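Enquirer: Following this line is coords.txt, made up of compact mmCIF, C-alpha atoms and all ligand atoms:
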# COMPACT_ATOMS: atom_id res chain seq x y z
CA MET A 1 4.11 -17.48 47.30
CA PRO A 2 0.30 -17.26 47.64
CA ALA A 3 -1.52 -19.73 45.42
CA GLU A 4 -3.58 -18.38 42.51
CA PRO A 5 -7.27 -18.37 43.44
CA LEU A 6 -8.77 -21.57 42.08
CA LEU A 7 -11.30 -20.87 39.33
CA ALA A 8 -14.77 -22.34 39.72
CA LEU A 9 -14.22 -23.77 36.25
CA ASP A 10 -11.32 -25.78 37.73
CA GLY A 11 -13.33 -26.95 40.74
CA GLY A 12 -12.90 -23.93 43.05
CA PRO A 13 -15.80 -22.19 44.83
CA ALA A 14 -17.98 -19.87 42.72
CA ILE A 15 -17.81 -16.23 43.80
CA VAL A 16 -21.49 -15.59 43.02
CA PRO A 17 -23.80 -18.38 44.25
CA HIS A 18 -25.31 -20.02 41.17
CA GLY A 19 -28.79 -18.79 40.31
CA SER A 20 -28.65 -16.06 42.97
CA LEU A 21 -28.73 -13.08 40.60
CA PRO A 22 -32.09 -11.64 39.53
CA THR A 23 -32.96 -12.52 35.92
CA THR A 24 -35.77 -11.54 33.60
CA ASN A 25 -37.11 -15.10 33.79
CA ASP A 26 -38.92 -14.72 37.10
CA ALA A 27 -40.52 -12.25 39.48
CA ALA A 28 -37.22 -11.48 41.27
CA GLY A 29 -35.88 -9.79 38.17
CA ARG A 30 -39.06 -8.11 36.96
CA THR A 31 -41.18 -5.23 38.26
CA ILE A 32 -44.60 -6.91 38.06
CA GLY A 33 -46.60 -6.09 41.19
CA ASP A 34 -49.98 -5.28 42.71
CA GLU A 35 -50.61 -2.47 40.23
CA GLU A 36 -50.42 -4.86 37.28
CA GLU A 37 -52.76 -7.28 39.07
CA VAL A 38 -55.30 -4.51 39.57
CA ALA A 39 -55.00 -3.49 35.91
CA VAL A 40 -55.50 -7.05 34.64
CA LEU A 41 -58.55 -7.58 36.86
CA ARG A 42 -60.03 -4.27 35.71
CA VAL A 43 -59.84 -5.47 32.10
CA LEU A 44 -61.11 -9.01 32.83
CA ARG A 45 -64.08 -7.67 34.79
CA SER A 46 -64.95 -5.23 32.01
CA GLY A 47 -65.51 -8.13 29.61
CA MET A 48 -63.72 -6.21 26.84
CA LEU A 49 -60.43 -7.90 25.98
CA SER A 50 -59.85 -6.34 22.57
CA GLY A 51 -57.83 -3.18 22.04
CA VAL A 52 -60.03 -2.31 19.05
CA TRP A 53 -62.98 -1.31 21.25
CA GLY A 54 -61.36 -1.13 24.70
CA THR A 55 -59.75 1.86 26.38
CA GLU A 56 -56.40 0.48 27.66
CA VAL A 57 -54.47 0.13 24.40
CA LYS A 58 -55.67 3.56 23.27
CA ALA A 59 -54.56 5.07 26.59
CA LEU A 60 -51.20 3.29 26.33
CA GLN A 61 -50.64 4.82 22.90
CA SER A 62 -51.28 8.36 24.19
CA GLU A 63 -49.21 7.84 27.32
CA PHE A 64 -46.23 6.39 25.46
CA ALA A 65 -46.34 9.11 22.79
CA GLU A 66 -46.45 11.75 25.51
CA MET A 67 -43.60 10.19 27.50
CA MET A 68 -41.40 10.03 24.38
CA GLY A 69 -42.41 13.47 23.14
CA SER A 70 -43.76 12.05 19.87
CA ALA A 71 -46.95 12.97 18.06
CA HIS A 72 -48.12 9.35 17.62
CA ALA A 73 -47.61 5.89 19.08
CA VAL A 74 -49.03 2.68 17.59
CA ALA A 75 -49.25 -0.42 19.78
CA CYS A 76 -48.86 -3.91 18.32
CA SER A 77 -48.20 -7.52 19.24
CA SER A 78 -44.36 -7.68 19.36
CA GLY A 79 -41.13 -5.84 18.65
CA THR A 80 -40.87 -7.73 15.38
CA ALA A 81 -44.41 -6.60 14.54
CA ALA A 82 -43.39 -3.02 15.41
CA LEU A 83 -40.53 -3.26 12.91
CA HIS A 84 -42.88 -4.81 10.35
CA LEU A 85 -45.27 -1.87 10.78
CA ALA A 86 -42.36 0.52 10.24
CA VAL A 87 -41.00 -1.31 7.18
CA ALA A 88 -44.50 -1.63 5.68
CA ALA A 89 -44.98 2.13 6.22
CA VAL A 90 -41.77 2.72 4.22
CA ASP A 91 -43.55 0.70 1.50
CA PRO A 92 -40.57 -0.72 -0.41
CA ALA A 93 -41.08 -2.21 -3.88
CA PRO A 94 -39.90 -5.81 -4.38
CA GLY A 95 -36.09 -5.84 -4.57
CA ASP A 96 -35.65 -2.46 -2.90
CA GLU A 97 -32.92 -2.39 -0.26
CA ILE A 98 -33.00 -1.63 3.45
CA ILE A 99 -29.74 -1.24 5.36
CA VAL A 100 -29.43 -3.08 8.70
CA PRO A 101 -26.70 -3.97 11.20
CA PRO A 102 -25.51 -7.60 11.45
CA ILE A 103 -25.56 -7.73 15.26
CA SER A 104 -29.13 -7.63 16.53
CA ASP A 105 -32.16 -9.81 17.09
CA MET A 106 -33.38 -11.32 13.78
CA GLY A 107 -36.58 -9.33 14.40
CA SER A 108 -34.71 -6.34 12.95
CA VAL A 109 -34.33 -8.17 9.62
CA LEU A 110 -37.31 -10.51 9.08
CA PRO A 111 -39.84 -7.72 8.38
CA ILE A 112 -37.66 -6.58 5.47
CA LEU A 113 -37.92 -10.05 3.92
CA ALA A 114 -41.64 -10.19 4.65
CA GLN A 115 -42.08 -7.06 2.53
CA ASN A 116 -39.99 -8.60 -0.28
CA ALA A 117 -37.15 -6.12 0.20
CA ILE A 118 -33.46 -6.99 0.46
CA PRO A 119 -31.57 -6.61 3.75
CA VAL A 120 -28.18 -4.98 3.06
CA PHE A 121 -25.80 -5.24 6.00
CA ALA A 122 -23.49 -2.37 6.98
CA ASP A 123 -20.58 -2.73 9.36
CA LEU A 124 -20.34 -1.49 12.93
CA ASP A 125 -18.42 0.91 15.11
CA PRO A 126 -15.97 -1.32 17.04
CA ALA A 127 -16.52 0.73 20.22
CA THR A 128 -20.32 0.44 20.42
CA GLY A 129 -21.38 -2.40 18.12
CA CYS A 130 -23.83 0.01 16.47
CA LEU A 131 -23.91 1.03 12.78
CA ASP A 132 -20.85 2.87 11.46
CA PRO A 133 -22.28 5.88 9.55
CA GLU A 134 -19.39 5.87 7.07
CA ASP A 135 -20.04 2.27 6.10
CA VAL A 136 -23.78 2.97 5.83
CA ARG A 137 -22.99 5.78 3.39
CA ARG A 138 -20.95 3.36 1.25
CA ARG A 139 -23.81 0.83 1.07
CA ILE A 140 -26.48 3.27 -0.14
CA THR A 141 -27.57 2.64 -3.75
CA SER A 142 -30.36 3.90 -5.98
CA ARG A 143 -32.48 1.02 -4.58
CA THR A 144 -32.06 1.96 -0.89
CA ARG A 145 -35.35 2.92 0.74
CA ALA A 146 -34.57 2.92 4.47
CA ILE A 147 -31.95 2.41 7.17
CA VAL A 148 -32.71 0.39 10.31
CA VAL A 149 -30.43 1.43 13.17
CA VAL A 150 -30.24 -0.71 16.32
CA HIS A 151 -29.29 0.89 19.63
CA LEU A 152 -27.51 -2.22 20.83
CA PHE A 153 -27.78 -3.26 24.52
CA GLY A 154 -29.22 0.17 25.48
CA GLY A 155 -26.27 2.14 24.13
CA ALA A 156 -26.77 4.82 21.48
CA ALA A 157 -25.85 4.57 17.81
CA GLU A 158 -24.68 7.71 15.99
CA VAL A 159 -28.26 8.35 15.11
CA SER A 160 -28.13 12.10 14.37
CA GLU A 161 -25.44 11.48 11.76
CA LEU A 162 -27.52 8.61 10.34
CA ARG A 163 -30.53 10.93 10.15
CA ARG A 164 -28.44 13.39 8.08
CA ILE A 165 -27.33 10.54 5.81
CA ALA A 166 -30.94 9.34 5.43
CA ASP A 167 -32.22 12.84 4.66
CA THR A 168 -29.47 13.44 2.09
CA ALA A 169 -30.26 10.12 0.41
CA GLY A 170 -34.02 10.71 0.60
CA VAL A 171 -34.66 7.53 2.60
CA LEU A 172 -36.37 6.89 5.94
CA LEU A 173 -34.55 6.13 9.19
CA ILE A 174 -36.11 3.44 11.41
CA GLU A 175 -34.74 3.24 14.96
CA ASP A 176 -34.88 -0.20 16.58
CA CYS A 177 -35.06 0.73 20.28
CA ALA A 178 -36.13 -2.72 21.54
CA GLN A 179 -33.07 -2.70 23.83
CA ALA A 180 -32.93 1.06 24.35
CA TYR A 181 -35.81 2.58 26.32
CA LEU A 182 -34.92 6.13 27.45
CA THR A 183 -31.45 5.97 25.86
CA ARG A 184 -30.04 9.30 24.64
CA GLU A 185 -27.34 9.94 22.08
CA THR A 186 -25.88 12.71 24.29
CA THR A 187 -26.52 13.37 27.97
CA HIS A 188 -29.07 16.14 27.39
CA GLY A 189 -30.01 15.22 23.83
CA PRO A 190 -33.36 13.86 22.65
CA LEU A 191 -34.44 10.29 23.40
CA VAL A 192 -33.50 7.70 20.81
CA GLY A 193 -36.56 6.67 18.87
CA THR A 194 -37.43 10.33 18.22
CA ILE A 195 -34.46 11.16 15.98
CA GLY A 196 -35.35 8.88 13.06
CA HIS A 197 -38.67 8.95 11.24
CA LEU A 198 -39.90 5.89 13.14
CA GLY A 199 -38.90 4.41 16.53
CA CYS A 200 -39.71 0.76 17.37
CA PHE A 201 -39.92 -0.78 20.85
CA SER A 202 -40.50 -4.28 22.25
CA LEU A 203 -42.33 -5.43 25.39
CA GLN A 204 -41.00 -8.99 25.17
CA GLN A 205 -40.21 -10.80 28.43
CA THR A 206 -36.51 -9.81 28.66
CA LYS A 207 -36.74 -6.07 27.83
CA HIS A 208 -36.66 -3.15 30.31
CA ILE A 209 -40.45 -3.37 30.71
CA THR A 210 -42.65 -6.25 29.60
CA THR A 211 -46.05 -7.68 28.83
CA GLY A 212 -44.56 -11.02 27.78
CA ASP A 213 -44.91 -9.93 24.16
CA GLY A 214 -45.89 -6.59 22.71
CA GLY A 215 -44.56 -3.69 20.67
CA LEU A 216 -44.86 0.05 20.11
CA VAL A 217 -43.85 2.38 17.28
CA ILE A 218 -43.57 6.15 17.58
CA THR A 219 -43.51 8.78 14.84
CA ASP A 220 -44.22 12.47 14.35
CA ASP A 221 -45.57 11.82 10.86
CA GLU A 222 -49.36 11.56 10.62
CA GLN A 223 -49.24 9.65 7.31
CA LEU A 224 -46.79 7.06 8.62
CA ALA A 225 -48.85 6.69 11.80
CA ARG A 226 -52.04 6.12 9.81
CA SER A 227 -50.48 3.53 7.53
CA MET A 228 -49.09 1.66 10.57
CA ARG A 229 -52.46 1.69 12.33
CA LEU A 230 -54.00 0.23 9.20
CA PHE A 231 -51.24 -2.36 8.71
CA ALA A 232 -51.78 -3.64 12.27
CA ASP A 233 -55.53 -4.01 11.74
CA LYS A 234 -56.13 -5.58 8.30
CA ALA A 235 -56.31 -2.06 6.82
CA TRP A 236 -59.82 -1.75 8.16
CA PRO A 237 -60.26 1.99 8.82
CA ARG A 238 -62.10 1.95 12.14
CA ASP A 239 -62.30 5.75 12.23
CA THR A 240 -64.62 5.87 9.16
CA GLY A 241 -67.19 3.35 10.36
CA GLU A 242 -67.07 1.59 6.97
CA ARG A 243 -66.18 -2.10 6.65
CA THR A 244 -63.59 -1.94 3.90
CA TYR A 245 -60.01 -3.18 3.45
CA LEU A 246 -57.86 -0.46 2.01
CA SER A 247 -54.52 -2.17 1.40
CA PHE A 248 -52.42 -5.27 2.14
CA ALA A 249 -52.17 -5.64 5.91
CA LEU A 250 -52.15 -8.16 8.76
CA ASN A 251 -53.52 -8.43 12.27
CA TYR A 252 -50.81 -7.28 14.67
CA ARG A 253 -53.16 -5.85 17.30
CA MET A 254 -52.17 -5.63 20.95
CA PRO A 255 -54.75 -7.23 23.25
CA GLU A 256 -56.36 -5.09 25.95
CA LEU A 257 -54.82 -7.14 28.80
CA SER A 258 -51.33 -6.39 27.47
CA GLY A 259 -52.22 -2.73 27.04
CA ALA A 260 -53.30 -2.50 30.68
CA VAL A 261 -50.10 -4.16 31.93
CA ALA A 262 -47.93 -2.02 29.64
CA ARG A 263 -49.49 1.18 31.03
CA VAL A 264 -48.42 0.21 34.54
CA GLN A 265 -45.00 -0.98 33.41
CA LEU A 266 -44.48 2.38 31.71
CA THR A 267 -44.85 4.19 35.04
CA LYS A 268 -41.92 2.10 36.36
CA LEU A 269 -39.61 2.62 33.39
CA GLN A 270 -37.72 5.67 34.65
CA ALA A 271 -36.88 3.91 37.93
CA VAL A 272 -35.88 0.73 36.07
CA VAL A 273 -33.43 2.73 33.98
CA GLU A 274 -32.03 4.59 37.00
CA ARG A 275 -31.45 1.38 38.92
CA ARG A 276 -29.84 -0.32 35.94
CA ARG A 277 -27.55 2.68 35.53
CA HIS A 278 -26.64 2.83 39.20
CA SER A 279 -25.42 -0.76 39.26
CA ALA A 280 -23.79 -0.59 35.80
CA TYR A 281 -21.75 2.48 36.83
CA ARG A 282 -20.71 0.62 39.95
CA LEU A 283 -19.45 -2.32 37.88
CA SER A 284 -17.67 -0.01 35.42
CA ASP A 285 -15.86 1.74 38.29
CA ALA A 286 -14.66 -1.60 39.61
CA LEU A 287 -13.38 -2.74 36.19
CA GLU A 288 -11.77 0.55 35.12
CA GLN A 289 -8.18 -0.57 35.51
CA LEU A 290 -8.40 -3.94 33.81
CA ARG A 291 -6.12 -4.26 30.80
CA GLY A 292 -7.78 -4.90 27.44
CA LEU A 293 -11.32 -4.29 28.76
CA THR A 294 -13.58 -1.46 27.57
CA THR A 295 -16.69 -0.76 29.64
CA PRO A 296 -19.83 0.79 28.05
CA THR A 297 -20.29 4.58 27.76
CA PRO A 298 -21.26 6.17 31.08
CA SER A 299 -23.27 9.26 32.10
CA GLY A 300 -26.86 9.48 31.07
CA ILE A 301 -26.60 7.79 27.67
CA HIS A 302 -26.69 4.01 28.10
CA THR A 303 -29.69 2.30 29.71
CA TYR A 304 -28.06 -1.14 30.07
CA TRP A 305 -30.39 -3.76 28.69
CA TYR A 306 -27.23 -5.84 28.71
CA TYR A 307 -23.89 -4.80 30.12
CA PRO A 308 -21.51 -5.22 27.14
CA LEU A 309 -17.81 -5.64 27.79
CA MET A 310 -15.46 -5.26 24.84
CA ILE A 311 -12.25 -7.22 25.29
CA ASP A 312 -9.17 -6.77 23.12
CA GLY A 313 -6.35 -9.25 22.74
CA LEU A 314 -8.24 -12.55 22.93
CA THR A 315 -8.70 -15.28 20.34
CA HIS A 316 -12.07 -16.84 19.53
CA LYS A 317 -11.27 -19.73 21.87
CA GLU A 318 -10.03 -17.50 24.69
CA LEU A 319 -13.20 -15.40 24.62
CA ARG A 320 -15.32 -18.59 24.90
CA TRP A 321 -13.12 -19.73 27.75
CA PHE A 322 -13.53 -16.31 29.46
CA ALA A 323 -17.33 -16.65 29.21
CA ALA A 324 -17.31 -20.26 30.44
CA ALA A 325 -15.12 -19.32 33.41
CA LEU A 326 -17.36 -16.37 34.28
CA ASN A 327 -20.51 -18.50 34.01
CA ALA A 328 -18.84 -21.02 36.32
CA GLU A 329 -18.24 -18.19 38.83
CA GLY A 330 -22.02 -17.61 38.82
CA VAL A 331 -22.12 -14.62 36.43
CA PRO A 332 -24.32 -15.43 33.42
CA CYS A 333 -22.82 -14.05 30.21
CA VAL A 334 -22.68 -14.80 26.49
CA ALA A 335 -19.54 -14.65 24.34
CA GLY A 336 -20.34 -12.70 21.17
CA TYR A 337 -24.01 -12.15 22.19
CA ILE A 338 -25.27 -13.97 19.05
CA ALA A 339 -23.91 -17.15 17.49
CA ARG A 340 -22.87 -15.44 14.23
CA PRO A 341 -23.49 -12.18 12.36
CA LEU A 342 -27.08 -12.27 11.11
CA TYR A 343 -26.08 -12.49 7.44
CA GLN A 344 -24.51 -15.89 8.15
CA GLU A 345 -27.85 -17.33 9.32
CA PRO A 346 -29.59 -19.99 7.17
CA VAL A 347 -32.66 -17.79 6.67
CA LEU A 348 -30.48 -15.51 4.51
CA ARG A 349 -27.79 -17.89 3.27
CA GLU A 350 -30.16 -20.67 2.15
CA PRO A 351 -33.28 -18.67 1.52
CA THR A 352 -36.30 -20.97 1.54
CA ALA A 353 -39.22 -18.55 1.87
CA TYR A 354 -41.99 -18.41 -0.73
CA GLY A 355 -42.25 -21.95 -2.02
CA GLY A 356 -38.54 -22.62 -2.08
CA SER A 357 -38.06 -19.87 -4.67
CA GLY A 358 -35.52 -18.08 -2.48
CA TYR A 359 -37.40 -14.88 -3.29
CA PRO A 360 -36.46 -12.05 -2.84
CA ILE A 361 -32.85 -12.86 -2.06
CA ARG A 362 -31.74 -15.50 -4.57
CA GLY A 363 -30.07 -13.86 -7.53
CA ARG A 364 -30.22 -10.40 -5.94
CA ALA A 365 -28.02 -10.54 -2.86
CA GLU A 366 -25.22 -12.61 -1.42
CA TYR A 367 -23.99 -12.63 2.12
CA PRO A 368 -20.35 -13.71 2.01
CA ASP A 369 -18.11 -14.11 5.05
CA GLY A 370 -16.02 -10.98 5.55
CA ASP A 371 -18.85 -8.65 4.49
CA CYS A 372 -18.72 -6.83 7.85
CA PRO A 373 -15.31 -7.55 9.44
CA VAL A 374 -15.86 -5.39 12.54
CA ALA A 375 -19.09 -7.24 13.34
CA GLU A 376 -17.41 -10.60 12.74
CA ALA A 377 -14.57 -9.72 15.14
CA LEU A 378 -17.05 -8.53 17.80
CA VAL A 379 -19.01 -11.80 17.71
CA SER A 380 -15.96 -14.01 17.38
CA GLU A 381 -13.43 -12.55 19.79
CA ARG A 382 -14.31 -9.18 21.36
CA LEU A 383 -17.81 -9.00 22.83
CA LEU A 384 -18.91 -10.35 26.20
CA ALA A 385 -22.60 -9.67 26.86
CA ILE A 386 -23.78 -9.77 30.48
CA PRO A 387 -27.59 -9.69 30.94
CA TRP A 388 -28.38 -6.75 33.23
CA ASN A 389 -31.15 -6.21 35.75
CA GLU A 390 -32.82 -3.40 37.72
CA ASN A 391 -32.97 -5.54 40.86
CA LEU A 392 -29.22 -6.18 41.26
CA THR A 393 -27.94 -5.15 44.70
CA ASP A 394 -24.63 -3.33 45.25
CA GLN A 395 -23.36 -6.44 46.99
CA GLN A 396 -24.22 -8.59 43.98
CA VAL A 397 -22.52 -6.14 41.62
CA ASP A 398 -19.40 -6.16 43.79
CA ALA A 399 -19.34 -9.95 43.67
CA MET A 400 -19.77 -9.88 39.89
CA ALA A 401 -16.83 -7.46 39.66
CA GLU A 402 -14.72 -9.74 41.83
CA ALA A 403 -15.54 -12.68 39.54
CA ILE A 404 -14.62 -10.71 36.42
CA VAL A 405 -11.31 -9.59 37.97
CA LYS A 406 -10.51 -13.18 38.94
CA VAL A 407 -11.24 -14.57 35.48
CA HIS A 408 -9.45 -11.65 33.79
CA GLU A 409 -6.33 -12.39 35.85
CA ALA A 410 -6.41 -16.00 34.73
CA VAL A 411 -7.02 -15.25 31.04
CA MET A 412 -4.84 -12.15 30.68
CA PRO A 413 -2.05 -12.40 33.30
CA VAL A 414 0.19 -9.31 33.58
C1 LIG B 1 -36.09 -8.13 21.11
C2 LIG B 1 -35.65 -7.43 19.89
C3 LIG B 1 -36.42 -7.39 18.72
C4 LIG B 1 -37.66 -8.21 18.52
O1 LIG B 1 -38.62 -7.99 19.49
P1 LIG B 1 -39.69 -9.15 19.79
O2 LIG B 1 -40.65 -8.46 20.72
O3 LIG B 1 -38.96 -10.28 20.43
O4 LIG B 1 -40.33 -9.52 18.50
C5 LIG B 1 -35.97 -6.64 17.65
N1 LIG B 1 -34.82 -5.96 17.72
C6 LIG B 1 -34.05 -5.98 18.81
C7 LIG B 1 -32.80 -5.17 18.81
C8 LIG B 1 -34.42 -6.74 19.93
O5 LIG B 1 -33.63 -6.77 21.00
Mind turning this structure into structure tokens?
Ligand SMILES: *Cc1c(COP(=O)(O)O)cnc(C)c1O

Expert:
Amino acid sequence: MPAEPLLALDGGPAIVPHGSLPTTNDAAGRTIGDEEEVAVLRVLRSGMLSGVWGTEVKALQSEFAEMMGSAHAVACSSGTAALHLAVAAVDPAPGDEIIVPPISDMGSVLPILAQNAIPVFADLDPATGCLDPEDVRRRITSRTRAIVVVHLFGGAAEVSELRRIADTAGVLLIEDCAQAYLTRETTHGPLVGTIGHLGCFSLQQTKHITTGDGGLVITDDEQLARSMRLFADKAWPRDTGERTYLSFALNYRMPELSGAVARVQLTKLQAVVERRRHSAYRLSDALEQLRGLTTPTPSGIHTYWYYPLMIDGLTHKELRWFAAALNAEGVPCVAGYIARPLYQEPVLREPTAYGGSGYPIRGRAEYPDGDCPVAEALVSERLLAIPWNENLTDQQVDAMAEAIVKVHEAVMPV
């Protein structure tokens, strides 16, 4: 009888040499090249490093709006800032509610708190990890002012249905597309980010394209665009020539150097998405037959910021063991993606903002365990998140598949 292949976790050889895969932490896994160098030097030599008076950030805004097919784009300093611009444009009153998903970056939630509104969590579709429209409908109250939908990992939420729900309820739909550049809800449908009233993007180090930090918001609504431009610039209306401060606002401006790099990165985005898709489809094909595993939606929808595997039939401990074994084989991955659903984080459970008052949460909202059972199961025992990259070779993907098959055999023997 042939011996079972020895897992790297048990001292066997790793299938993928450790550290050999491209990651977003260095040049091998990014698309920064000569064109970005030229752009940065152009800005430095001009002596104008501020987007307020420079030309790069303005050009970036037009180019991104045009690429997305939106009337307006507003650049800012991060994805979290982009969401803050969007939430501030919604203009909730203190204690108003904004619906959000519990699996995301906390940047989807913090801007709601900053505007003194209450994050209300709705549960997720177990197949995609994105908002379940039915559960969103149940959580709408007379205090709801907006819905934030996250297109998790580059997959698409049911955003058209959420837009109908938002319109019926008379609230705004904010799309968090930080992980979902060029994602579509259907193969030939519109780009996500253009279906809601506002679409937010991040240029943080690990996203499809990057300036280290940076953000963009798109909208077709002139009023929303104007209030976001003001909110990012101390509500100083530069177009009027008058030094006045029209409303409460911050400084979330994107610097000119970032604008110049983002413009170049934007020209590479389509190719980044195509390469990520090519290798993700290759992995999905190799994993098709594995029992209990569900691979992400194929064909022109997903843009694979991460490659999410849903696994059914494991306990909390077994999923952690699966991830540890796969990491040992040289395939970086995270069980559950985040440590816990966002409503279990201290920032919401033990609210300490605003002088220890707990405002606006204390006395208005509670975040008990069990609030979103589908999300809890995903984080605890179903979701394996594999960071993806545009520079993976076919050979590397094949080795990753081999490692997953090997670990799967050990965890879920037939
Ligand atoms: C990265 C991310 C953010 C926050 O973006 P930053 O640029 O890091 O502030 C928000 N939402 C989602 C879904 C993200 O992935």

Enquirer: What residues have any atom no more than 7 Å from ligand LIG 1 (chain B) when counting all atoms listed in the file, and can you list them as JSON, numbers by chain?

Expert: {"A": [78, 79, 80, 81, 104, 105, 106, 107, 108, 150, 152, 176, 177, 178, 179, 202, 203, 204, 213, 214, 215]}

Enquirer: Around segment 97-100 of chain A, fit a box with edges along x, y and z, padding it by 3 Å on each side, then list its centre and edge lengths in Å to one decimal as JSON.

Expert:
{"center_x": -31.2, "center_y": -2.2, "center_z": 4.2, "size_x": 9.6, "size_y": 7.8, "size_z": 15.0}

Enquirer: To one decimal place in Å, what is the distance between atom CA of Asp312 of chain A and atom CA of Ala335 of chain A?

Expert: 13.1 Å

Enquirer: Taking all atoms listed in the file into account, name the residue in A:Val16, A:Leu85, A:Leu9, A:Val405 that is nearest to Asn251 of chain A.

Expert: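 Looking at the shortest contact to Asn251 of chain A, the residue is A:Leu85.
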
Enquirer: Using all atoms listed in the file, pick whichever of A:Arg362, A:Val43, A:His302, A:Ala235 has the shortest atom-to-atom distance to Ala157 of chain A.

Expert: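 Once distances to Ala157 of chain A are computed over all atoms listed in the file, the minimum belongs to A:His302.
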
Enquirer: Counting only C-alpha atoms, which residue out of A:Pro368, A:Gly199, A:Pro332, A:Pro237 sits closest to Val120 of chain A?

Expert: A:Pro368

Enquirer: For segment 98-205 of chain A versus segment 259-274 of chain A, which residues have an atom no more than 10 Å away, and what is each residue's nearest atom pair and distance in Å rounded to one decimal, using all atoms listed in the file, chain-then-number order, as a tab-separated table?

Expert:
residue	atom	partner	partner_atom	distance
A:Gly154	CA	A:Val273	CA	9.8
A:Ala180	CA	A:Val273	CA	9.8
A:Tyr181	CA	A:Val273	CA	8.0
A:Leu182	CA	A:Val273	CA	7.5
A:Thr183	CA	A:Val273	CA	9.0
A:Leu203	CA	A:Ala262	CA	7.8

Enquirer: Counting all atoms listed in the file, figure out which residue out of A:Gly95, A:Gly370, A:Gly356, A:Gly330 gets nearest to Pro17 of chain A.

Expert: A:Gly330

Enquirer: Which of these, A:Ser70, A:Ala401, A:Ala325, A:Leu131, has the shortest distance to Leu198 of chain A once you count all atoms listed in the file?

Expert: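 Nearest candidate to Leu198 of chain A out of A:Ser70, A:Ala401, A:Ala325, A:Leu131: A:Ser70.
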
Enquirer: Could you check which of A:Ile99, A:Leu392, A:Leu287, A:Leu326 is closest to Thr24 of chain A, using all atoms listed in the file?

Expert: A:Leu392

Enquirer: Provide the atom CA of Met67 of chain A to atom CA of Thr186 of chain A distance in Å, to one decimal place.

Expert: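 That distance, rounded to one decimal, is 18.2 Å.
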